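Next up, start.cif (mmCIF, C-alpha atoms and all ligand atoms):
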```
data_coords
#
loop_
_atom_site.label_atom_id
_atom_site.label_comp_id
_atom_site.auth_asym_id
_atom_site.auth_seq_id
_atom_site.Cartn_x
_atom_site.Cartn_y
_atom_site.Cartn_z
CA MET A 30 -0.11 72.12 -27.69
CA ARG A 31 -1.49 72.04 -24.19
CA LYS A 32 -4.61 74.09 -23.56
CA GLU A 33 -4.48 77.23 -21.40
CA VAL A 34 -6.98 76.89 -18.54
CA VAL A 35 -7.89 77.86 -14.99
CA LEU A 36 -8.08 75.03 -12.48
CA ILE A 37 -10.75 75.12 -9.76
CA THR A 38 -10.61 72.58 -6.92
CA GLY A 39 -13.55 72.11 -4.57
CA ALA A 40 -15.69 72.91 -7.61
CA ASN A 41 -18.88 71.56 -6.08
CA GLY A 42 -18.47 73.52 -2.85
CA GLU A 43 -20.15 76.81 -2.05
CA ILE A 44 -17.47 79.14 -3.42
CA GLY A 45 -16.88 76.76 -6.34
CA HIS A 46 -20.52 77.05 -7.39
CA GLY A 47 -20.44 80.83 -7.26
CA LEU A 48 -17.11 81.16 -9.03
CA ILE A 49 -17.89 78.66 -11.79
CA SER A 50 -21.29 80.24 -12.52
CA HIS A 51 -19.65 83.65 -12.75
CA LEU A 52 -16.67 82.64 -14.88
CA GLY A 53 -18.82 80.34 -16.99
CA GLN A 54 -21.27 83.12 -17.81
CA ARG A 55 -18.39 85.48 -18.55
CA GLY A 56 -17.12 82.83 -20.94
CA ASP A 57 -13.56 84.05 -21.47
CA VAL A 58 -11.61 81.21 -19.80
CA GLN A 59 -11.63 77.44 -20.05
CA ILE A 60 -12.43 75.97 -16.63
CA VAL A 61 -10.97 72.62 -15.54
CA ALA A 62 -12.88 71.67 -12.41
CA LEU A 63 -12.05 69.07 -9.78
CA ASP A 64 -14.09 67.76 -6.86
CA VAL A 65 -14.42 64.50 -4.91
CA SER A 66 -18.21 64.70 -5.31
CA PRO A 67 -20.15 64.75 -8.57
CA LEU A 68 -20.69 68.26 -9.90
CA ASP A 69 -24.16 69.82 -9.87
CA GLU A 70 -25.82 69.78 -13.27
CA SER A 71 -26.38 73.54 -13.07
CA ILE A 72 -22.65 74.29 -13.45
CA ARG A 73 -21.38 71.19 -15.24
CA GLY A 74 -21.80 72.76 -18.66
CA TYR A 75 -19.30 75.49 -17.77
CA CYS A 76 -16.50 73.01 -17.03
CA HIS A 77 -14.29 71.50 -19.73
CA PRO A 78 -13.75 69.02 -18.26
CA PHE A 79 -15.09 68.25 -14.80
CA ILE A 80 -12.93 65.61 -13.16
CA GLN A 81 -14.28 63.70 -10.19
CA GLY A 82 -11.22 63.00 -8.09
CA ASP A 83 -9.23 63.66 -4.96
CA ILE A 84 -6.60 66.38 -4.43
CA LEU A 85 -4.60 63.73 -2.54
CA ASP A 86 -4.34 61.68 -5.74
CA THR A 87 -0.91 62.76 -7.01
CA MET A 88 -1.21 60.62 -10.15
CA LEU A 89 -4.33 62.52 -11.10
CA LEU A 90 -2.64 65.87 -10.47
CA GLY A 91 0.37 64.70 -12.51
CA ARG A 92 -1.93 64.00 -15.45
CA LEU A 93 -3.33 67.52 -15.18
CA VAL A 94 0.19 68.95 -15.43
CA ALA A 95 0.80 66.90 -18.56
CA GLU A 96 -2.42 67.84 -20.26
CA TYR A 97 -3.10 71.49 -19.47
CA GLU A 98 -1.34 74.80 -19.32
CA ILE A 99 -2.74 76.02 -16.02
CA ARG A 100 -2.37 79.79 -15.65
CA THR A 101 -4.42 80.30 -12.49
CA ILE A 102 -5.43 77.93 -9.71
CA TYR A 103 -8.38 78.59 -7.43
CA HIS A 104 -7.73 76.04 -4.71
CA LEU A 105 -11.07 75.97 -2.91
CA ALA A 106 -11.23 72.34 -1.70
CA SER A 107 -11.25 72.04 2.08
CA ILE A 108 -12.90 70.31 5.04
CA LEU A 109 -14.62 73.06 7.07
CA SER A 110 -14.19 73.81 10.74
CA THR A 111 -16.88 71.76 12.50
CA LYS A 112 -16.45 68.70 10.29
CA ALA A 113 -12.67 68.88 10.71
CA GLU A 114 -13.01 68.58 14.50
CA TYR A 115 -14.61 65.13 14.12
CA ASN A 116 -11.53 63.81 12.35
CA PRO A 117 -8.69 66.29 12.71
CA GLU A 118 -6.02 64.08 11.11
CA THR A 119 -8.10 63.46 8.00
CA ALA A 120 -8.82 67.19 7.82
CA HIS A 121 -5.09 67.86 8.08
CA ARG A 122 -4.42 65.53 5.17
CA VAL A 123 -7.02 67.12 2.93
CA ASN A 124 -6.47 70.72 3.98
CA VAL A 125 -2.66 70.75 4.27
CA GLU A 126 -1.32 67.86 2.16
CA GLY A 127 -3.96 68.65 -0.47
CA THR A 128 -2.80 72.27 -0.59
CA LEU A 129 0.84 71.20 -0.72
CA ASN A 130 0.00 68.99 -3.73
CA LEU A 131 -1.60 71.94 -5.52
CA LEU A 132 1.31 74.24 -4.69
CA ARG A 133 3.69 71.65 -6.16
CA LEU A 134 1.51 71.41 -9.23
CA ALA A 135 1.67 75.21 -9.57
CA VAL A 136 5.46 75.20 -9.28
CA GLU A 137 5.77 72.48 -11.93
CA GLN A 138 3.44 74.36 -14.23
CA ALA A 139 5.40 77.58 -13.76
CA ALA A 140 8.65 75.77 -14.58
CA TRP A 141 7.21 74.24 -17.76
CA GLN A 142 5.63 77.45 -18.92
CA GLY A 143 8.45 79.79 -17.88
CA LYS A 144 5.68 82.01 -16.52
CA THR A 145 4.27 82.80 -13.12
CA VAL A 146 1.21 80.80 -12.10
CA LYS A 147 -1.31 82.59 -9.91
CA PHE A 148 -2.58 80.69 -6.89
CA LEU A 149 -5.76 82.02 -5.30
CA TYR A 150 -6.45 80.63 -1.85
CA PRO A 151 -9.45 81.23 0.44
CA SER A 152 -8.40 81.41 4.06
CA SER A 153 -10.78 82.35 6.84
CA ILE A 154 -11.53 84.18 10.06
CA ALA A 155 -10.91 80.72 11.53
CA ALA A 156 -7.18 81.54 11.29
CA TYR A 157 -7.78 83.74 14.34
CA GLY A 158 -8.14 82.55 17.91
CA ILE A 159 -9.03 85.18 20.47
CA PRO A 160 -8.42 83.63 23.88
CA THR A 161 -11.55 84.90 25.69
CA LEU A 162 -15.00 86.22 24.82
CA GLU A 163 -14.31 89.28 26.94
CA LEU A 164 -11.28 90.08 24.79
CA LYS A 165 -13.23 89.40 21.58
CA ASN A 166 -15.82 91.97 22.67
CA GLN A 167 -13.11 94.46 23.61
CA VAL A 168 -10.90 94.27 20.52
CA GLY A 169 -13.53 94.74 17.80
CA LYS A 170 -11.77 94.85 14.42
CA VAL A 171 -8.79 92.51 14.14
CA LYS A 172 -5.79 93.13 11.87
CA GLU A 173 -4.13 90.43 9.77
CA GLU A 174 -1.21 90.04 12.21
CA GLN A 175 -3.19 89.75 15.44
CA TYR A 176 -4.47 86.79 17.48
CA LEU A 177 -3.16 84.06 15.21
CA GLU A 178 -3.62 81.16 17.61
CA PRO A 179 -6.56 79.25 16.12
CA PHE A 180 -8.65 76.89 18.27
CA THR A 181 -9.59 74.52 15.43
CA MET A 182 -7.73 72.09 13.18
CA TYR A 183 -9.26 73.88 10.19
CA GLY A 184 -7.96 77.23 11.46
CA CYS A 185 -4.48 75.77 12.05
CA ASN A 186 -4.57 74.30 8.54
CA LYS A 187 -5.58 77.59 6.93
CA LEU A 188 -2.94 79.57 8.81
CA TYR A 189 -0.21 77.08 7.95
CA CYS A 190 -1.23 76.99 4.29
CA GLU A 191 -0.97 80.78 4.21
CA HIS A 192 2.65 80.28 5.30
CA LEU A 193 3.15 77.58 2.67
CA GLY A 194 1.87 79.95 0.00
CA ARG A 195 4.33 82.60 1.13
CA TYR A 196 7.15 80.04 1.20
CA TYR A 197 6.42 78.77 -2.33
CA THR A 198 6.12 82.32 -3.62
CA ARG A 199 9.23 83.78 -2.04
CA HIS A 200 11.61 81.07 -0.85
CA TYR A 201 10.98 77.80 -2.66
CA ARG A 202 14.26 75.97 -3.45
CA GLN A 203 16.22 78.90 -2.06
CA LEU A 204 19.41 76.84 -1.83
CA ALA A 205 19.20 75.26 -5.28
CA ALA A 206 21.83 76.24 -7.85
CA ASP A 207 19.08 76.39 -10.47
CA LYS A 208 16.64 78.31 -8.31
CA PRO A 209 13.57 78.84 -10.55
CA ARG A 210 12.99 82.45 -11.62
CA ASN A 211 9.32 82.11 -12.38
CA ASN A 212 7.35 80.41 -9.73
CA ILE A 213 4.07 81.11 -8.13
CA ASP A 214 2.11 84.20 -7.20
CA PHE A 215 0.12 83.28 -4.08
CA ARG A 216 -2.83 85.54 -3.25
CA CYS A 217 -5.01 84.85 -0.25
CA LEU A 218 -8.20 86.22 1.29
CA ARG A 219 -9.35 85.63 4.84
CA PHE A 220 -13.10 85.34 4.33
CA PRO A 221 -15.74 85.98 6.99
CA GLY A 222 -18.76 83.65 7.18
CA LEU A 223 -20.08 83.30 3.63
CA ILE A 224 -23.76 83.18 2.72
CA SER A 225 -25.13 81.91 -0.56
CA ALA A 226 -28.71 81.83 -1.77
CA VAL A 227 -27.96 78.90 -4.06
CA THR A 228 -26.16 76.43 -1.80
CA THR A 229 -26.00 75.60 1.90
CA PRO A 230 -22.67 75.05 3.62
CA THR A 231 -21.63 71.68 4.96
CA GLY A 232 -19.60 71.34 8.10
CA GLY A 233 -18.79 74.95 8.94
CA THR A 234 -19.24 76.74 12.26
CA SER A 235 -20.54 80.03 10.86
CA ASP A 236 -23.33 77.99 9.23
CA TYR A 237 -26.01 79.12 11.70
CA GLY A 238 -26.34 82.34 9.65
CA PRO A 239 -27.10 80.82 6.26
CA GLU A 240 -28.97 77.87 7.84
CA MET A 241 -31.39 80.21 9.62
CA VAL A 242 -32.42 81.78 6.31
CA HIS A 243 -32.59 78.56 4.29
CA TYR A 244 -34.66 76.77 6.96
CA ALA A 245 -37.04 79.75 7.19
CA ALA A 246 -37.47 79.82 3.40
CA ARG A 247 -38.30 76.09 3.44
CA GLY A 248 -40.78 76.57 6.29
CA GLU A 249 -38.71 74.39 8.65
CA ALA A 250 -37.99 75.07 12.32
CA TYR A 251 -34.36 75.89 13.14
CA ASN A 252 -32.37 75.43 16.33
CA CYS A 253 -29.61 78.01 16.30
CA PHE A 254 -26.49 76.53 17.89
CA VAL A 255 -25.05 79.81 19.21
CA ARG A 256 -26.24 82.42 21.73
CA LYS A 257 -28.26 85.41 20.55
CA ASP A 258 -25.44 87.86 21.34
CA THR A 259 -22.89 86.01 19.16
CA ARG A 260 -21.40 88.41 16.63
CA LEU A 261 -19.47 87.45 13.49
CA PRO A 262 -18.57 89.14 10.21
CA PHE A 263 -20.40 87.85 7.11
CA MET A 264 -20.37 88.30 3.35
CA MET A 265 -22.69 87.41 0.51
CA MET A 266 -21.39 84.99 -2.11
CA PRO A 267 -21.45 87.42 -5.07
CA ASP A 268 -19.10 89.72 -3.13
CA ALA A 269 -16.86 86.77 -2.21
CA VAL A 270 -16.59 85.71 -5.86
CA ARG A 271 -15.92 89.29 -6.96
CA SER A 272 -13.21 89.68 -4.32
CA LEU A 273 -11.40 86.58 -5.59
CA LEU A 274 -11.53 87.85 -9.17
CA GLU A 275 -10.46 91.37 -8.22
CA LEU A 276 -7.54 90.11 -6.18
CA GLU A 277 -6.57 87.85 -9.08
CA ALA A 278 -6.61 90.81 -11.47
CA ALA A 279 -4.74 93.27 -9.22
CA PRO A 280 -1.25 94.30 -10.39
CA ARG A 281 1.33 92.47 -8.27
CA ASP A 282 3.20 95.68 -7.44
CA LYS A 283 0.08 97.12 -5.78
CA LEU A 284 -0.15 94.20 -3.35
CA SER A 285 1.64 94.91 -0.09
CA LYS A 286 0.46 91.61 1.42
CA LEU A 287 -0.01 88.01 0.42
CA VAL A 288 -2.90 87.56 2.83
CA TYR A 289 -5.79 90.05 3.12
CA ASN A 290 -8.73 90.37 5.48
CA ILE A 291 -12.00 91.24 3.79
CA THR A 292 -15.49 91.68 5.16
CA SER A 293 -18.92 93.15 4.40
CA PHE A 294 -20.86 93.54 7.67
CA SER A 295 -21.06 92.13 11.18
CA LEU A 296 -24.21 91.17 13.01
CA THR A 297 -25.36 89.12 15.97
CA ALA A 298 -27.39 85.93 15.71
CA GLU A 299 -30.32 87.87 17.22
CA GLU A 300 -30.04 90.60 14.58
CA PHE A 301 -29.91 87.87 11.96
CA HIS A 302 -33.08 86.38 13.41
CA LYS A 303 -34.87 89.75 13.32
CA ILE A 304 -34.05 90.25 9.65
CA VAL A 305 -35.22 86.71 8.87
CA LEU A 306 -38.52 87.43 10.65
CA GLU A 307 -39.05 90.60 8.59
CA HIS A 308 -39.01 88.50 5.43
CA PHE A 309 -40.42 85.23 6.78
CA PRO A 310 -42.79 86.22 9.62
CA ASP A 311 -43.65 82.56 10.32
CA ALA A 312 -40.02 81.49 10.74
CA LYS A 313 -39.55 79.29 13.81
CA VAL A 314 -36.10 79.82 15.32
CA SER A 315 -35.01 78.73 18.77
CA PHE A 316 -31.63 79.27 20.38
CA GLN A 317 -29.99 76.21 21.89
CA PRO A 318 -26.26 76.89 22.08
CA HIS A 319 -23.96 73.95 21.45
CA LEU A 320 -21.21 74.70 23.96
CA ALA A 321 -18.28 73.42 21.93
CA ARG A 322 -19.32 75.07 18.67
CA GLN A 323 -20.10 78.23 20.62
CA GLY A 324 -16.54 78.15 21.97
CA ILE A 325 -15.18 78.08 18.42
CA VAL A 326 -17.32 81.01 17.26
CA ASP A 327 -16.41 82.96 20.41
CA SER A 328 -12.73 82.66 19.43
CA TRP A 329 -13.38 84.23 16.00
CA PRO A 330 -13.33 88.02 15.68
CA GLN A 331 -16.59 89.95 15.59
CA ASP A 332 -15.11 92.16 12.88
CA VAL A 333 -11.93 92.38 10.81
CA ASP A 334 -9.88 95.31 9.61
CA ASP A 335 -9.87 95.11 5.81
CA SER A 336 -8.25 98.50 5.21
CA ALA A 337 -5.23 96.96 3.45
CA ALA A 338 -7.49 95.31 0.83
CA ARG A 339 -9.43 98.54 0.43
CA TYR A 340 -6.23 100.53 -0.05
CA ASP A 341 -4.17 98.12 -2.18
CA TRP A 342 -6.74 96.80 -4.64
CA ASN A 343 -9.82 98.96 -3.98
CA TRP A 344 -11.82 96.25 -2.25
CA LYS A 345 -15.34 97.37 -1.38
CA PRO A 346 -18.34 95.12 -0.74
CA GLU A 347 -21.37 95.78 -2.94
CA TYR A 348 -23.77 94.23 -0.47
CA ASP A 349 -24.02 96.05 2.83
CA ILE A 350 -26.41 94.63 5.39
CA ASN A 351 -29.54 96.11 3.73
CA ARG A 352 -28.79 95.31 0.13
CA ALA A 353 -27.46 91.88 1.15
CA PHE A 354 -30.81 90.63 2.35
CA LYS A 355 -33.25 92.75 0.33
CA GLU A 356 -31.57 92.69 -3.06
CA TYR A 357 -29.69 89.39 -3.06
CA LEU A 358 -30.43 86.78 -0.45
CA ILE A 359 -34.18 86.95 0.13
CA PRO A 360 -35.32 87.26 -3.52
CA ALA A 361 -32.93 84.53 -4.68
CA ILE A 362 -33.80 82.18 -1.84
CA LYS A 363 -37.56 82.67 -2.35
CA GLU A 364 -37.06 81.85 -6.02
CA LYS A 365 -35.04 78.73 -5.11
CA TYR A 366 -37.69 77.28 -2.81
CA LYS A 367 -40.82 78.55 -4.58
CA GLU A 368 -41.99 75.12 -5.73
N1 LIG A 401 -17.18 79.47 7.40
C1 LIG A 401 -16.14 78.54 7.69
C2 LIG A 401 -16.50 77.59 8.75
O1 LIG A 401 -17.42 77.89 9.46
C3 LIG A 401 -14.93 79.25 8.14
O2 LIG A 401 -14.16 79.58 7.04
O3 LIG A 401 -15.87 76.60 8.88
#
```
Please re-express this file's structure in structure tokens.
Amino acid sequence: MRKEVVLITGANGEIGHGLISHLGQRGDVQIVALDVSPLDESIRGYCHPFIQGDILDTMLLGRLVAEYEIRTIYHLASILSTKAEYNPETAHRVNVEGTLNLLRLAVEQAAWQGKTVKFLYPSSIAAYGIPTLELKNQVGKVKEEQYLEPFTMYGCNKLYCEHLGRYYTRHYRQLAADKPRNNIDFRCLRFPGLISAVTTPTGGTSDYGPEMVHYAARGEAYNCFVRKDTRLPFMMMPDAVRSLLELEAAPRDKLSKLVYNITSFSLTAEEFHKIVLEHFPDAKVSFQPHLARQGIVDSWPQDVDDSAARYDWNWKPEYDINRAFKEYLIPAIKEKYKE
């Protein structure tokens, strides 16, 4: 008998950390975790097993199919937006071919099990590309269908993988005589910039937010790479983890979309700085915009319309701007760096 498990790729990334801690503490599922990097000790005990390996390694994925009955896949592995610009073709391989490999794995699992396999996929505000800053400031909240002309390789990859998820869910092998009845149930969230007290992001373009707080907590000076007036939507990691689990648990017939916007609050880099100063009065932050990274952030919406998520599966962030800093981020980050 194969064991029934959930598979989490990108386990050592920011969302991976949050999700594994949460599911591990809940203790009601067996987690098989995959990452190219070694897994942090703090979450290793929750994973049975942790496999250090690459999502491009199809032999490895084949062995997973043989060994486990995978009911749900959280495919979190990805190269983020800034890093992807330094080697767009490698990013394409990891972000697109890697996702294709996992979708294939899901389809094979569904065929073996005769059951639908759920596929949870984090997309991003990077899927949007608003042509000018003037327009960004004018349009405010963006709906799922608007401005889908991303400026970055990462954004293109996310948008295309949303399409792949829809294809595998609705149209895979549409011409085959033995078209499979049970295949995959793709569910996707477009996340805003995510902020965790436990980890720092690597290679993203919304990173100035979390970096400003982590540097301040460590007593280090920080050069913010965007202008003070730059506005983006953000969300705290506990809300991001909860949103993934709530979307996973939602009845399929309540879901009118495969891809949902979600957000918690929007603020400018200057507002971010002010909040940081309230909690760390000695924080040293200067603003030295990096023109190219600024251009990327300027193409991302300052806010998103998440009314479909709110209506279909009762999405609601727990951490608004006040609770986010006072009740989650600042206490947890002070604890992290207290030695
Ligand atoms: N936060 C991510 C990044 O900056 C976007 O999903 O790349």
Find the residue from A:Glu174, A:Leu36, A:Glu137, A:Gly56 that sits nearest to Phe79 of chain A; use all atoms listed in the file when measuring.
-> A:Leu36
Name all residues at most 10 Å from Asn351 of chain A (count all atoms listed in the file; drop same-chain ones fewer than 5 positions away) and give them as a list in words.
-> Phe294, Ile304, Glu356 and Tyr357 of chain A
Distance in Å - atom CA of His121 of chain A versus atom CA of Leu109 of chain A =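 A separation of 10.9 Å between them.
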Counting only C-alpha atoms and all ligand atoms, what residues are within 6 Å of ligand LIG 401 (chain A), given as a ChimeraX atom specification?
-> /A:109-110,153,155,222,233-236
Do you have the atom CA of Arg339 of chain A-atom CA of Glu191 of chain A distance handy?
->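 Calculated distance between atom CA of Arg339 of chain A and atom CA of Glu191 of chain A is 20.0 Å.
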Show me as a list in words the residues that reach within 7 Å of (-13.7, 62.4, -6.7), counting only C-alpha atoms and using the file's own coordinates.
->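 Looking at atoms near the point gives Asp64, Val65, Ser66, Gln81, Gly82 and Asp83 of chain A.
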Output file for the residues above (C-alpha atoms, as a PDB file, in the coordinates of the input):
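What ended up in part_32.pdb:
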```
ATOM      1  CA  ASP A  64     -14.090  67.760  -6.860  1.00  0.00           C
ATOM      2  CA  VAL A  65     -14.420  64.500  -4.910  1.00  0.00           C
ATOM      3  CA  SER A  66     -18.210  64.700  -5.310  1.00  0.00           C
ATOM      4  CA  GLN A  81     -14.280  63.700 -10.190  1.00  0.00           C
ATOM      5  CA  GLY A  82     -11.220  63.000  -8.090  1.00  0.00           C
ATOM      6  CA  ASP A  83      -9.230  63.660  -4.960  1.00  0.00           C
TER       7      ASP A  83
END
```
Of the residues A:Met265, A:Ala337, A:Leu274, A:Ile102, which is the one nearest to Thr145 of chain A, using only C-alpha atoms?
-> A:Ile102
